[in-house]
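For reference, the structure discussed in these notes is given below.
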Amino acid sequence: MTRRRKIYEGKAKVLFEGPEPGTLVQYFKDDATAFNNQKRGVITGKGVLNNRISEYLMLKLAEAGIPTHFVRRLNMREQLVKEVDIVPVEVVVRNIAAGSISQRFNIAEGTPLPRSIVEFYYKSDELGDPMVSEEHITAFGWAAPQEIDDILSLALRINDFLSGLFLGVGLKLVDFKLEFGRLYDDNDQVRIVLADEITPDGCRLWDVKTNEKLDKDRFRRDLGGVAEAYQEVARRLGIMPEAGPRDMKGPATVQ
Ligand SMILES: Nc1ncnc2c1ncn2[C@@H]1O[C@H](COP(=O)(O)OP(=O)(O)OP(=O)(O)O)[C@@H](O)[C@H]1O
Ligand SMILES: [Mg+2]
């Protein structure tokens with residue numbers, strides 16, 4: 001195993017230098033955090049499942065014409081991605097009221113929203129990821145107006161596609177978080193692509209019939225059965241780790 005340079009360690013993933021320039025390896029950890037890092041824990045097997053789930057969804061989105069950073073899965077916990085210049089804005093798409101929007105506007109959880117709502121949050125752990133408007137994003141230079149347009153249209157296309165995909169396996173896509181980045185091609189042209197991950201860490205997924213939560217809210221709200229919920233999402237998508245649950249503990253971070 002060659003030693004790779006660690007570029008960044010976040011709360012849920014580690015980024016390593018990739019095998020070729022312009023690539024990175026994303027290693028998915030079992031660590032879980034919530035409420036801006038105030039609650040921490042380990043969800044055994046989460047990294048393995050999230051690696052597979054994000055691979056699956058990014059490949060499906062690519063087939064549907066959405067540009068993404070995903071290149072290929074390398075092993076149980078790692079995937080190769082194209083290095084991008086991350087736009088420091090979390091893009092949240094909401095279809096049904098839950099979490100902060102329910103609190104902010106006093107809307108009962110589970111109420112369908114009049115239409116899908118896109119929200120932006122400035123990526124800053126220090127500030128607790130404050131909600132921002134397009135005005136803040138352009139005034140502070142986090143993204144150009146054209147880039148926001150591209151991000152908005154991609155986010156809505158991704159929402160349409162994923163809502164249908166999840167509905168097909170009996171899951172409601174209540175809301176989800178996306179990150180986008182700037183990808184420079186060989187001619188130094190830049191375009192916005194989907195980056196980071198799409199997993200039950202950043203999505204609310206409810207069973208269509210029972211409204212059972214199959215996402216990180218089980219961890220946030222101490223509902224139990226967290227790993228089982230992630231497994232159920234993977235199972236419904238038709239993904240299971242090669243060697244079954246025995247493999248799920250996985251190795252410690254390899255460097
Ligand atoms: N293709 C990419 N190129 C460069 N950086 C990326 C790419 N995809 C994701 N990232 C960044 O890699 C990091 C992934 O780590 P992780 O998700 O654990 O971070 P985090 O703890 O959520 O922290 P934060 O997102 O606030 O940095 C994130 O900072 C994310 O923005
Ligand atoms: Mg993250």
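Each chain in the structure tokens gets a letter, A, B, ..., in the order shown, and its residues are numbered from 1; ligands are numbered from 1 in order too.
For ligand 2, the set of protein, DNA and RNA residues within 8 Å, based on only C-alpha atoms and all ligand atoms, reads Gly10, Lys11, Ala12, Lys13, Asp196 and Glu197 of chain A.
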**Message:** Just want the residues within 9 Å of ligand 1, written as an NGL selection string, counting only C-alpha atoms and all ligand atoms.
**Reply:** :A and (8-15 or 22-29 or 31 or 33 or 37 or 68-70 or 80-90 or 123-125 or 129 or 179-183 or 193-197)
**Request:** Assign secondary structure with DSSP using the backbone only, and return the residues of segment 32-252 of chain A in strand (DSSP E or B) as an MDAnalysis selection string.
**Result:** chainID A and resid 32:34 39:42 68 70:73 78:82 85:86 89:96 112:122 131:132 171:184 190:195 203:207 213
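The space between atom CA of Pro21 of chain A and atom CA of Asp186 of chain A spans 12.1 Å.
When the distance limit is 6 Å and only C-alpha atoms are what count, the residues near segment 159-170 of chain A, minus those fewer than 5 positions from it on the same chain, are Asp207, Val208 and Arg236 of chain A.
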Would you mind exporting all heavy atoms of the selected residues as an mmCIF file, in the first residue's frame?
```cif
data_model
loop_
_atom_site.group_PDB
_atom_site.id
_atom_site.type_symbol
_atom_site.label_atom_id
_atom_site.label_comp_id
_atom_site.auth_asym_id
_atom_site.auth_seq_id
_atom_site.Cartn_x
_atom_site.Cartn_y
_atom_site.Cartn_z
ATOM 1 N N ASP A 207 -40.013 6.295 4.666
ATOM 2 C CA ASP A 207 -40.767 5.224 4.016
ATOM 3 C C ASP A 207 -42.126 5.780 3.547
ATOM 4 O O ASP A 207 -42.803 6.489 4.298
ATOM 5 C CB ASP A 207 -40.970 4.058 4.988
ATOM 6 C CG ASP A 207 -41.738 2.921 4.338
ATOM 7 O OD1 ASP A 207 -41.102 2.151 3.596
ATOM 8 O OD2 ASP A 207 -42.962 2.839 4.551
ATOM 9 N N VAL A 208 -42.488 5.446 2.325
ATOM 10 C CA VAL A 208 -43.718 6.008 1.735
ATOM 11 C C VAL A 208 -44.959 5.629 2.543
ATOM 12 O O VAL A 208 -45.851 6.452 2.737
ATOM 13 C CB VAL A 208 -43.874 5.505 0.277
ATOM 14 C CG1 VAL A 208 -45.251 5.856 -0.264
ATOM 15 C CG2 VAL A 208 -42.806 6.112 -0.610
ATOM 16 N N ARG A 236 -32.773 -1.292 -0.604
ATOM 17 C CA ARG A 236 -33.844 -0.909 -1.535
ATOM 18 C C ARG A 236 -33.289 -0.435 -2.873
ATOM 19 O O ARG A 236 -33.912 -0.621 -3.910
ATOM 20 C CB ARG A 236 -34.712 0.187 -0.928
ATOM 21 C CG ARG A 236 -35.532 -0.324 0.238
ATOM 22 C CD ARG A 236 -36.662 0.612 0.546
ATOM 23 N NE ARG A 236 -37.264 0.294 1.823
ATOM 24 C CZ ARG A 236 -38.358 0.877 2.287
ATOM 25 N NH1 ARG A 236 -38.967 1.815 1.568
ATOM 26 N NH2 ARG A 236 -38.848 0.544 3.457
#
```
**Request:** Tell me which of A:Asn211, A:Gln146, A:Thr138, A:Ser153 sits closest to Tyr122 of chain A, counting only C-alpha atoms.
**Result:** A:Thr138
Would you give me, as a tab-separated table, each residue of segment 176-221 of chain A having an atom within 12 Å of an atom of segment 107-116 of chain A, along with its shortest atom pair and that distance in Å to one decimal, using only C-alpha atoms and sorting by chain and residue number?
```
residue	atom	partner	partner_atom	distance
A:Phe176	CA	A:Ser116	CA	11.3
A:Arg204	CA	A:Gly110	CA	11.0
A:Leu205	CA	A:Gly110	CA	11.4
A:Trp206	CA	A:Gly110	CA	9.6
A:Asp207	CA	A:Gly110	CA	11.8
A:Val208	CA	A:Gly110	CA	11.4
A:Thr210	CA	A:Gly110	CA	11.8
A:Asn211	CA	A:Gly110	CA	8.5
A:Glu212	CA	A:Gly110	CA	11.2
A:Lys213	CA	A:Gly110	CA	11.1
```
**Nearest-residue call for Asp201 of chain A, choices A:Asp30, A:Glu20, A:Asp185, A:Glu135, using only C-alpha atoms** =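 Among the listed residues, the smallest separation from Asp201 of chain A belongs to A:Asp30.
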**Item:** Neighbour list for Asn50 of chain A as a PyMOL selection string, cut-off 12 Å, only C-alpha atoms, skip fewer than 6 positions in-chain
**Value:** chain A and resi 12-13+26-32+43-44+56-58+73+76-79+196-203+215-216+227+229-234+239-241+248
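Atom pair atom CA of Tyr184 of chain A / atom CA of Leu61 of chain A has a distance of 20.0 Å (rounded to one decimal).
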